[in-house]
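Dumped entry_3.txt below, it's compact mmCIF, C-alpha atoms:
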# COMPACT_ATOMS: atom_id res chain seq x y z
CA MET A 344 28.65 39.50 -4.93
CA GLY A 345 31.66 39.09 -7.20
CA THR A 346 33.18 36.42 -4.96
CA THR A 347 30.07 34.48 -3.98
CA CYS A 348 28.68 33.99 -7.49
CA PRO A 349 31.70 32.09 -8.88
CA ARG A 350 31.81 29.89 -5.77
CA ARG A 351 28.11 29.21 -6.03
CA TRP A 352 28.48 28.42 -9.74
CA GLU A 353 31.37 26.09 -8.94
CA ARG A 354 29.20 24.19 -6.47
CA ILE A 355 26.42 23.89 -9.03
CA VAL A 356 28.81 22.55 -11.70
CA THR A 357 30.35 20.11 -9.22
CA SER A 358 26.93 18.88 -8.10
CA ALA A 359 25.89 18.37 -11.73
CA ALA A 360 29.05 16.38 -12.42
CA VAL A 361 28.40 14.17 -9.40
CA ALA A 362 24.81 13.66 -10.55
CA ARG A 363 25.95 12.56 -14.01
CA THR A 364 28.39 10.12 -12.43
CA HIS A 365 25.67 8.50 -10.32
CA ALA A 366 22.90 8.68 -12.93
CA PRO A 367 23.42 5.15 -14.31
CA SER A 368 22.91 3.67 -10.82
CA LEU A 369 19.57 5.46 -10.55
CA LEU A 370 18.14 3.93 -13.71
CA PRO A 371 15.59 1.13 -13.36
CA SER A 372 15.93 -1.98 -15.50
CA ALA A 373 14.58 -1.91 -19.05
CA GLU A 374 12.18 -4.77 -18.24
CA PRO A 375 10.41 -5.52 -14.95
CA LEU A 376 12.54 -7.62 -12.63
CA GLY A 377 11.11 -10.94 -11.53
CA LEU A 378 12.04 -14.17 -9.79
CA LEU A 379 9.25 -16.51 -10.86
CA ARG A 380 8.04 -17.06 -14.40
CA LEU A 381 4.34 -17.49 -15.16
CA ASP A 382 4.64 -21.29 -14.86
CA GLY A 383 6.26 -20.98 -11.43
CA SER A 384 9.77 -21.82 -12.58
CA ILE A 385 12.71 -19.74 -11.33
CA ASP A 386 14.19 -16.94 -13.41
CA SER A 387 17.86 -17.67 -12.72
CA GLY A 388 19.02 -14.46 -14.40
CA SER A 389 17.23 -12.11 -12.02
CA GLU A 390 19.08 -9.38 -10.14
CA LEU A 391 16.91 -10.05 -7.09
CA SER A 392 17.62 -12.56 -4.33
CA MET A 393 15.17 -15.42 -3.93
CA PRO A 394 13.47 -15.45 -0.50
CA SER A 395 13.81 -18.51 1.71
CA ASP A 396 11.40 -21.43 1.39
CA GLU A 397 9.82 -20.47 4.70
CA VAL A 398 9.17 -16.94 3.48
CA LEU A 399 7.74 -18.19 0.17
CA SER A 400 5.35 -20.49 2.02
CA THR A 401 4.25 -17.64 4.28
CA LEU A 402 3.71 -15.36 1.29
CA HIS A 403 1.53 -17.99 -0.37
CA ARG A 404 -0.59 -18.46 2.75
CA ARG A 405 -1.00 -14.72 3.25
CA ILE A 406 -2.13 -14.27 -0.38
CA VAL A 407 -4.81 -16.94 0.05
CA LEU A 408 -6.06 -15.32 3.26
CA GLY A 409 -5.85 -11.84 1.74
CA ARG A 410 -7.77 -12.78 -1.40
CA ARG A 411 -10.58 -14.34 0.64
CA PHE A 412 -10.75 -11.28 2.87
CA ASP A 413 -10.98 -9.06 -0.22
CA ALA A 414 -13.78 -11.16 -1.71
CA GLN A 415 -15.69 -11.08 1.57
CA ALA A 416 -15.33 -7.31 1.86
CA THR A 417 -16.67 -6.96 -1.69
CA ALA A 418 -19.67 -9.12 -0.76
CA LEU A 419 -20.30 -7.05 2.38
CA THR A 420 -20.45 -3.94 0.23
CA LYS A 421 -23.11 -5.50 -2.01
CA GLN A 422 -25.06 -6.39 1.13
CA GLY A 423 -24.96 -2.79 2.34
CA ARG A 424 -22.62 -3.45 5.27
CA LEU A 425 -19.91 -1.24 3.77
CA ALA A 426 -20.40 2.14 2.15
CA VAL A 427 -17.70 1.45 -0.41
CA TYR A 428 -14.88 -1.02 -0.98
CA PRO A 429 -11.95 -0.70 -3.40
CA SER A 430 -10.93 -4.27 -4.24
CA ALA A 431 -7.28 -5.23 -4.60
CA ARG A 432 -7.97 -8.49 -6.43
CA GLY A 433 -5.11 -9.08 -8.85
CA GLN A 434 -2.73 -6.99 -6.76
CA GLU A 435 -2.24 -9.55 -3.97
CA ALA A 436 1.47 -9.98 -4.67
CA GLY A 437 2.09 -6.27 -4.15
CA GLU A 438 -0.16 -6.01 -1.12
CA ILE A 439 1.33 -9.01 0.67
CA GLY A 440 4.91 -9.07 -0.62
CA ALA A 441 5.61 -5.45 0.29
CA VAL A 442 4.15 -5.61 3.80
CA MET A 443 5.79 -8.92 4.70
CA ALA A 444 9.20 -7.43 3.85
CA LEU A 445 8.83 -4.86 6.63
CA ARG A 446 10.44 -5.29 10.02
CA GLU A 447 8.42 -5.02 13.23
CA GLN A 448 9.70 -1.49 13.95
CA ASP A 449 8.92 -0.17 10.46
CA TRP A 450 5.81 1.80 9.50
CA LEU A 451 3.25 1.23 6.74
CA PHE A 452 1.37 4.14 5.14
CA PRO A 453 -1.46 2.64 3.06
CA THR A 454 -4.06 4.00 0.64
CA TYR A 455 -7.76 3.24 0.57
CA ARG A 456 -7.10 0.21 -1.69
CA ASP A 457 -4.60 -1.39 0.68
CA SER A 458 -6.96 -2.97 3.22
CA MET A 459 -5.47 -6.36 2.42
CA ALA A 460 -2.00 -5.05 3.24
CA VAL A 461 -3.21 -3.54 6.52
CA VAL A 462 -4.78 -6.85 7.56
CA ALA A 463 -1.55 -8.66 6.66
CA ARG A 464 0.26 -6.26 8.98
CA GLY A 465 -1.81 -7.68 11.83
CA VAL A 466 -4.67 -5.18 12.19
CA ASP A 467 -8.09 -6.59 13.09
CA PRO A 468 -10.09 -6.90 9.82
CA VAL A 469 -13.18 -5.35 11.38
CA GLU A 470 -11.15 -2.36 12.56
CA VAL A 471 -9.71 -2.05 9.03
CA LEU A 472 -13.19 -1.95 7.48
CA THR A 473 -14.49 0.61 9.97
CA LEU A 474 -13.34 3.44 7.70
CA LEU A 475 -15.12 1.97 4.69
CA ARG A 476 -18.18 1.34 6.80
CA GLY A 477 -18.34 5.05 7.58
CA ASP A 478 -18.01 4.73 11.36
CA TRP A 479 -14.57 6.28 11.90
CA HIS A 480 -11.87 8.11 10.00
CA CYS A 481 -9.52 5.37 11.23
CA GLY A 482 -10.83 2.33 13.04
CA TYR A 483 -7.54 1.18 14.55
CA ASP A 484 -4.72 2.53 16.69
CA PRO A 485 -1.92 3.48 14.25
CA TYR A 486 0.75 3.15 16.94
CA GLU A 487 -0.18 -0.40 17.94
CA HIS A 488 0.75 -1.93 14.59
CA ARG A 489 2.75 0.98 13.14
CA VAL A 490 0.21 1.49 10.37
CA GLY A 491 -0.87 4.99 9.40
CA PRO A 492 -4.55 5.72 8.72
CA GLN A 493 -5.68 4.57 5.29
CA CYS A 494 -5.36 7.53 2.95
CA THR A 495 -8.29 8.43 0.70
CA PRO A 496 -6.93 11.67 -0.85
CA LEU A 497 -4.27 10.64 -3.35
CA ALA A 498 -0.64 10.86 -2.21
CA THR A 499 -1.13 12.64 1.12
CA ASN A 500 0.23 9.52 2.82
CA ALA A 501 3.53 10.03 0.98
CA LEU A 502 4.14 13.21 2.95
CA HIS A 503 3.13 11.49 6.19
CA ALA A 504 5.59 8.67 5.53
CA VAL A 505 8.48 11.04 4.80
CA GLY A 506 7.70 13.14 7.85
CA LEU A 507 7.68 10.16 10.19
CA ALA A 508 10.77 8.60 8.63
CA HIS A 509 12.75 11.83 8.77
CA ALA A 510 11.73 12.41 12.38
CA ALA A 511 12.86 8.87 13.25
CA LYS A 512 16.20 9.54 11.58
CA VAL A 513 16.67 12.78 13.52
CA LYS A 514 15.93 10.91 16.76
CA GLY A 515 18.38 8.15 15.86
CA GLU A 516 15.71 5.46 15.60
CA ASP A 517 16.04 2.44 13.31
CA THR A 518 12.77 2.92 11.46
CA VAL A 519 11.85 2.72 7.77
CA ALA A 520 8.54 3.91 6.33
CA LEU A 521 6.87 2.12 3.43
CA VAL A 522 4.33 4.23 1.55
CA MET A 523 1.98 2.53 -0.88
CA LEU A 524 0.82 4.54 -3.88
CA GLY A 525 -1.13 3.92 -7.06
CA ASP A 526 -0.10 5.08 -10.52
CA GLY A 527 -2.62 7.93 -10.27
CA ALA A 528 -0.94 9.23 -7.12
CA THR A 529 2.29 9.88 -9.03
CA SER A 530 0.48 12.68 -10.85
CA GLU A 531 -0.12 14.52 -7.59
CA GLY A 532 2.04 17.35 -6.25
CA ASP A 533 2.27 15.67 -2.86
CA THR A 534 4.24 12.81 -4.41
CA HIS A 535 6.72 15.26 -5.93
CA GLU A 536 7.22 17.02 -2.61
CA ALA A 537 7.63 13.76 -0.72
CA LEU A 538 10.15 12.34 -3.19
CA ASN A 539 12.16 15.54 -3.30
CA PHE A 540 12.34 16.00 0.47
CA ALA A 541 13.21 12.33 1.06
CA ALA A 542 15.98 12.48 -1.54
CA VAL A 543 17.54 15.70 -0.24
CA TRP A 544 17.50 14.54 3.39
CA LYS A 545 18.12 10.83 2.66
CA SER A 546 15.02 9.92 4.62
CA PRO A 547 14.52 6.16 5.17
CA VAL A 548 11.44 5.75 2.96
CA VAL A 549 10.41 3.14 0.40
CA PHE A 550 8.00 4.51 -2.21
CA PHE A 551 6.04 1.51 -3.49
CA VAL A 552 3.92 2.31 -6.55
CA GLN A 553 1.43 -0.36 -7.61
CA ASN A 554 0.88 0.50 -11.25
CA ASN A 555 -2.40 -1.23 -12.06
CA GLY A 556 -2.84 0.61 -15.34
CA TYR A 557 -5.63 3.00 -14.42
CA ALA A 558 -6.29 6.00 -12.18
CA ILE A 559 -9.98 5.12 -11.90
CA SER A 560 -10.73 5.26 -15.65
CA VAL A 561 -7.67 7.22 -16.84
CA PRO A 562 -5.05 4.93 -18.46
CA LEU A 563 -1.37 5.41 -17.69
CA ALA A 564 -0.65 6.76 -21.20
CA LYS A 565 -2.79 9.80 -20.40
CA GLN A 566 -0.93 10.46 -17.16
CA THR A 567 2.71 10.40 -18.19
CA ALA A 568 5.01 10.14 -21.19
CA ALA A 569 7.88 8.74 -19.08
CA PRO A 570 9.24 5.31 -20.11
CA SER A 571 8.07 4.07 -16.72
CA LEU A 572 7.02 5.56 -13.41
CA ALA A 573 10.26 4.20 -11.97
CA HIS A 574 12.18 6.54 -14.29
CA LYS A 575 10.77 9.48 -12.35
CA GLY A 576 13.21 8.69 -9.55
CA ILE A 577 16.12 9.95 -11.67
CA GLY A 578 14.92 13.54 -11.46
CA TYR A 579 15.03 13.39 -7.67
CA GLY A 580 18.29 11.49 -7.37
CA ILE A 581 16.50 8.42 -6.04
CA PRO A 582 17.49 4.89 -7.11
CA SER A 583 14.52 3.15 -8.70
CA MET A 584 13.41 -0.38 -9.45
CA LEU A 585 10.91 -1.68 -12.00
CA ILE A 586 9.50 -5.05 -10.96
CA ASP A 587 6.85 -7.61 -11.86
CA GLY A 588 4.12 -6.71 -9.38
CA ASN A 589 2.38 -10.07 -9.82
CA ASP A 590 5.46 -11.99 -8.67
CA VAL A 591 5.23 -12.03 -4.87
CA ALA A 592 8.77 -13.35 -4.51
CA ALA A 593 10.12 -10.43 -6.55
CA VAL A 594 8.04 -7.89 -4.63
CA TYR A 595 9.26 -9.22 -1.30
CA ALA A 596 12.87 -9.28 -2.48
CA ALA A 597 12.75 -5.75 -3.92
CA VAL A 598 11.12 -4.17 -0.87
CA ASN A 599 13.39 -6.13 1.46
CA LYS A 600 16.42 -4.77 -0.42
CA ALA A 601 15.06 -1.21 -0.30
CA VAL A 602 14.27 -1.43 3.42
CA ALA A 603 17.79 -2.69 4.15
CA ALA A 604 19.30 0.16 2.14
CA ALA A 605 17.17 2.77 3.90
CA ALA A 606 17.98 1.33 7.33
CA ALA A 607 21.69 1.48 6.51
CA GLY A 608 21.48 5.20 5.72
CA GLY A 609 21.15 4.86 1.96
CA GLY A 610 18.03 7.00 1.73
CA PRO A 611 14.85 6.36 -0.23
CA THR A 612 14.07 3.95 -3.07
CA LEU A 613 11.26 4.20 -5.62
CA ILE A 614 9.77 0.87 -6.69
CA GLU A 615 7.24 0.53 -9.48
CA ALA A 616 5.36 -2.77 -9.45
CA ILE A 617 3.54 -3.58 -12.70
CA THR A 618 0.21 -5.21 -11.85
CA TYR A 619 -3.50 -5.02 -12.68
CA ARG A 620 -6.77 -4.32 -10.92
CA ILE A 621 -9.13 -7.16 -11.86
CA GLU A 622 -12.25 -5.66 -10.29
CA ALA A 623 -13.70 -2.21 -10.87
CA HIS A 624 -12.20 0.82 -9.12
CA THR A 625 -14.89 0.51 -6.43
CA ASN A 626 -18.44 -0.81 -6.28
CA ALA A 627 -19.50 2.61 -7.65
CA ASP A 628 -17.48 2.18 -10.86
CA ASP A 629 -18.38 0.54 -14.18
CA ALA A 630 -15.03 -0.67 -15.53
CA THR A 631 -16.59 -1.92 -18.79
CA ARG A 632 -16.85 1.71 -19.93
CA TYR A 633 -13.06 2.09 -20.26
CA ARG A 634 -11.60 -1.41 -20.74
CA ASP A 635 -12.64 -4.60 -22.50
CA ARG A 636 -12.94 -8.17 -21.28
CA ALA A 637 -9.97 -9.33 -23.35
CA GLU A 638 -7.67 -7.08 -21.34
CA VAL A 639 -8.95 -8.50 -18.06
CA GLU A 640 -8.57 -12.06 -19.35
CA PHE A 641 -4.96 -11.32 -20.31
CA TRP A 642 -4.17 -10.39 -16.74
CA LEU A 643 -6.13 -13.27 -15.25
CA GLN A 644 -3.57 -15.52 -16.93
CA ARG A 645 -0.91 -13.73 -14.85
CA ASP A 646 -2.57 -14.47 -11.53
CA PRO A 647 -0.13 -13.95 -8.60
CA LEU A 648 -1.59 -16.79 -6.54
CA ASP A 649 -1.30 -19.34 -9.35
CA ARG A 650 2.34 -18.44 -9.90
CA ILE A 651 3.58 -18.86 -6.31
CA ARG A 652 1.41 -21.95 -5.81
CA ARG A 653 2.81 -23.67 -8.92
CA HIS A 654 6.33 -22.91 -7.72
CA LEU A 655 5.74 -24.39 -4.27
CA VAL A 656 3.91 -27.47 -5.60
CA ASP A 657 6.59 -28.18 -8.22
CA ARG A 658 9.27 -28.06 -5.53
CA GLY A 659 7.37 -30.31 -3.16
CA LEU A 660 6.84 -27.54 -0.62
CA LEU A 661 3.05 -27.62 -0.98
CA ASP A 662 0.52 -30.42 -1.56
CA ASP A 663 -3.25 -30.79 -1.89
CA GLU A 664 -3.69 -31.40 1.83
CA ALA A 665 -1.83 -28.21 2.76
CA ILE A 666 -3.78 -26.22 0.15
CA ALA A 667 -7.06 -27.52 1.57
CA GLU A 668 -5.98 -26.53 5.09
CA ILE A 669 -5.10 -22.99 4.02
CA ASP A 670 -8.33 -22.62 2.06
CA ALA A 671 -10.31 -23.81 5.10
CA ALA A 672 -8.52 -21.30 7.32
CA ALA A 673 -9.36 -18.54 4.85
CA GLU A 674 -13.04 -19.57 4.80
CA ALA A 675 -13.14 -19.63 8.61
CA GLU A 676 -11.69 -16.12 8.80
CA ALA A 677 -14.19 -14.91 6.20
CA ALA A 678 -17.08 -16.44 8.15
CA THR A 679 -15.92 -14.74 11.35
CA LEU A 680 -15.58 -11.42 9.55
CA ARG A 681 -19.04 -11.80 8.02
CA GLU A 682 -20.57 -12.58 11.41
CA ARG A 683 -18.89 -9.65 13.14
CA MET A 684 -19.74 -7.19 10.37
CA ASN A 685 -23.41 -8.19 10.44
CA VAL A 686 -23.77 -6.70 13.91
CA ASP A 687 -25.06 -3.13 13.89
CA THR A 688 -22.58 -0.63 15.29
CA GLN A 689 -23.52 1.18 18.48
CA LEU A 690 -22.35 4.77 18.09
CA ASP A 691 -21.83 7.31 20.85
CA PRO A 692 -22.64 10.86 19.66
CA SER A 693 -20.20 12.30 22.21
CA ASP A 694 -17.38 10.78 20.16
CA LEU A 695 -17.87 13.73 17.82
CA PHE A 696 -16.09 15.85 20.42
CA ARG A 697 -13.98 13.32 22.28
CA HIS A 698 -11.24 12.84 19.68
CA VAL A 699 -10.77 16.31 18.19
CA TYR A 700 -8.11 17.64 20.56
CA ALA A 701 -6.00 16.07 23.29
CA GLU A 702 -7.54 18.67 25.60
CA GLN A 703 -11.00 19.86 24.64
CA THR A 704 -11.49 23.55 24.04
CA GLU A 705 -14.12 25.48 25.93
CA THR A 706 -16.18 25.74 22.74
CA LEU A 707 -16.17 21.96 22.25
CA ARG A 708 -17.10 21.35 25.88
CA ARG A 709 -20.04 23.71 25.51
CA GLN A 710 -21.16 22.08 22.27
CA ALA A 711 -20.86 18.60 23.81
CA ALA A 712 -22.99 19.71 26.76
CA ASP A 713 -25.61 21.19 24.44
CA LEU A 714 -25.83 17.96 22.45
CA ALA A 715 -26.08 15.86 25.60
CA ALA A 716 -28.91 18.04 26.87
CA GLU A 717 -30.72 17.81 23.53
CA LEU A 718 -30.39 14.00 23.44
CA ALA A 719 -31.62 13.73 27.02
CA LEU A 720 -34.63 15.89 26.18
CA SER A 721 -35.48 13.73 23.17
CA LYS A 722 -35.71 10.66 25.42
CA GLU A 723 -38.29 12.20 27.72
Whole structure, structure tokens version:
Amino acid sequence: MGTTCPRRWERIVTSAAVARTHAPSLLPSAEPLGLLRLDGSIDSGSELSMPSDEVLSTLHRRIVLGRRFDAQATALTKQGRLAVYPSARGQEAGEIGAVMALREQDWLFPTYRDSMAVVARGVDPVEVLTLLRGDWHCGYDPYEHRVGPQCTPLATNALHAVGLAHAAKVKGEDTVALVMLGDGATSEGDTHEALNFAAVWKSPVVFFVQNNGYAISVPLAKQTAAPSLAHKGIGYGIPSMLIDGNDVAAVYAAVNKAVAAAAAGGGPTLIEAITYRIEAHTNADDATRYRDRAEVEFWLQRDPLDRIRRHLVDRGLLDDEAIAEIDAAAEAEAATLRERMNVDTQLDPSDLFRHVYAEQTETLRRQAADLAAELALSKE
């Protein structure tokens, strides 16, 4: 005991000294980093690298398509075709910019609000909305597009992302996991556990927090006294970034940088993207009870689509004809989605048992047989 305690104390002191040395590099910037100003002009003093013109054009197109998808999903909810839909209007830059920065082999772990991001990853929109329609827990094959099931309980997807990323690292695979979180999720214990594990084991994970100001109706000031959510990374030894979440160029650049660092063995990064949810939390929420119209109008002036479009138009990379073509493509996709969602789903009751275990247990087989017999009897 007399020999181990001093050695252990020495290790603790040394570790603390190392932590103090690296602490400045963990700090996020005092102000959110951006690349495009509100008028679309370039912020030449930014620490981030401007994406290529091709990437910027793709980001613009994907935002237009994503916004129209979101509006159509909201309309389908009002028509009774969806049980619930959490709109991401106003957060398009975060939804699209983060996902487009991923490589093909990387994984996305979304929340219930990230349907737009899942669609941008290439998943069939109807399959994405199957969860919100109430037909399946997950309407798509996660392995096909490397997209985890949309997470309804706050922050559980953070643990899933870390687990997959760490497993990939152990197996020697070049895979990075991007987990999308809201500001409310940072108050959950699962987020703490995920951040801590990822930091200790240098797991290749990007924690992307879209801070839209509210956890349903609870404002950020009632969740944390930290200067920013990005500052929370310091306590875990994770480098953090504070960015303008309505600047799609900045979001893409920040996530791209974090993915590259994780892939190179640099471990996790925590990114806080400052943004705003224009619509209510879901169709079941009355946002007027906790925020006023003036606040919404303030953020409408910071529209992510307007900003990237002004930039591209001013530089001659986009004109009225191209805008009309993109808008028409978005309307066509919305019409197709509307048509497909207006078809009643044919459900097979045996699916209740088919996807519980890889190999059904004797109890499940017996229950499935009982149900089949009961259904057959009801048809007589």
Taking 2 positions as the minimum chain separation for residues in the same chain, which residues sit within 12 Å of Ile621 of chain A when counting all atoms listed in the file? Answer as an MDAnalysis selection string. chainID A and resid 410 413:414 429:435 555:557 618:619 623:625 630:631 634:647
Please identify all polymer residues within 8 Å of Ala508 of chain A, counting all atoms listed in the file, omitting same-chain residues fewer than 3 positions from it, and present them as a ChimeraX atom specification. /A:504-505,511-512,518-520,546-548
With distances taken over all atoms listed in the file, which of A:Thr567, A:Ala558, A:Val598, A:Leu660 is nearest to Asp628 of chain A? A:Ala558
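One finds atom CA of Ala672 of chain A at 18.4 Å from atom CA of Ile651 of chain A.
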What's the separation between atom CA of Tyr483 of chain A and atom CA of Met684 of chain A, in Å to one decimal place?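 Going from atom CA of Tyr483 of chain A over to atom CA of Met684 of chain A, I get 15.4 Å.
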Go through A:Asp382, A:Asp517, A:His698, A:Arg464 one by one, measure the shortest atom-to-atom distance of each to Ala607 of chain A using only C-alpha atoms, and give the residue with the smallest value.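 Checking each candidate against Ala607 of chain A, we get A:Asp517 as the closest.
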When distances are computed from all atoms listed in the file, which of A:Gly482, A:Gly578, A:Gly527, A:Pro496 shows the smallest separation from Val461 of chain A?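 Closest residue, counting all atoms listed in the file: A:Gly482.
Between atom CA of Ser372 of chain A and atom CA of Gly409 of chain A there is a distance of 29.5 Å.
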Have a look at A:Gly437, A:Gly515, A:Gly388, A:Pro692 and name the one nearest to Glu615 of chain A; count only C-alpha atoms.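 Using only C-alpha atoms, Glu615 of chain A sits closest to A:Gly437.
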Pick out the residues sitting within 8 Å of His574 of chain A, and hand them over as a list in words; count all atoms listed in the file, and ignore anything fewer than 2 positions along from it in its own chain.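 Contacts, in chain order: Leu370, Pro371, Ala569, Pro570, Ser571, Leu572, Gly576, Ile577 and Ser583 of chain A.
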Write the residues of the preceding selection, restricted to C-alpha atoms, as a PDB file, keeping the file's coordinate frame.
ATOM      1  CA  LEU A 370      18.140   3.930 -13.710  1.00  0.00           C
ATOM      2  CA  PRO A 371      15.590   1.130 -13.360  1.00  0.00           C
ATOM      3  CA  ALA A 569       7.880   8.740 -19.080  1.00  0.00           C
ATOM      4  CA  PRO A 570       9.240   5.310 -20.110  1.00  0.00           C
ATOM      5  CA  SER A 571       8.070   4.070 -16.720  1.00  0.00           C
ATOM      6  CA  LEU A 572       7.020   5.560 -13.410  1.00  0.00           C
ATOM      7  CA  GLY A 576      13.210   8.690  -9.550  1.00  0.00           C
ATOM      8  CA  ILE A 577      16.120   9.950 -11.670  1.00  0.00           C
ATOM      9  CA  SER A 583      14.520   3.150  -8.700  1.00  0.00           C
TER      10      SER A 583
END
Pick from A:Thr704, A:Thr495, A:Ser530, A:Asn589 nearest to Gln553 of chain A, counting all atoms listed in the file: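 Under the stated criterion, the closest residue is A:Asn589.
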Select, from A:Ala701, A:Leu661, A:Leu376, A:Ala441, the residue with the minimum atom-to-atom distance to Asn599 of chain A, counting only C-alpha atoms.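 Among A:Ala701, A:Leu661, A:Leu376, A:Ala441, it is A:Ala441 that comes nearest to Asn599 of chain A.
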Need to verify the contact set: Leu538 of chain A, 9 Å, all atoms listed in the file, exclusion of same-chain residues closer than 5 positions in sequence. Can you return it as a list of chain:residue names? A:Ala501, A:Leu502, A:Val505, A:Asp533, A:Val543, A:Phe550, A:Gly576, A:Tyr579, A:Ile581, A:Pro611, A:Leu613
Would you save the residues from that selection as a short mmCIF file (atom, residue, chain, number, x, y, z; two decimals), in the frame of the given file, using C-alpha atoms?
data_model
loop_
_atom_site.label_atom_id
_atom_site.label_comp_id
_atom_site.auth_asym_id
_atom_site.auth_seq_id
_atom_site.Cartn_x
_atom_site.Cartn_y
_atom_site.Cartn_z
CA ALA A 501 3.53 10.03 0.98
CA LEU A 502 4.14 13.21 2.95
CA VAL A 505 8.48 11.04 4.80
CA ASP A 533 2.27 15.67 -2.86
CA VAL A 543 17.54 15.70 -0.24
CA PHE A 550 8.00 4.51 -2.21
CA GLY A 576 13.21 8.69 -9.55
CA TYR A 579 15.03 13.39 -7.67
CA ILE A 581 16.50 8.42 -6.04
CA PRO A 611 14.85 6.36 -0.23
CA LEU A 613 11.26 4.20 -5.62
#
Quick one: residues within 10 Å of Pro394 of chain A, all atoms listed in the file counted, chain neighbours fewer than 5 positions away excluded, as JSON, numbers by chain? {"A": [378, 399, 400, 402, 591, 592, 593, 595, 596, 599]}
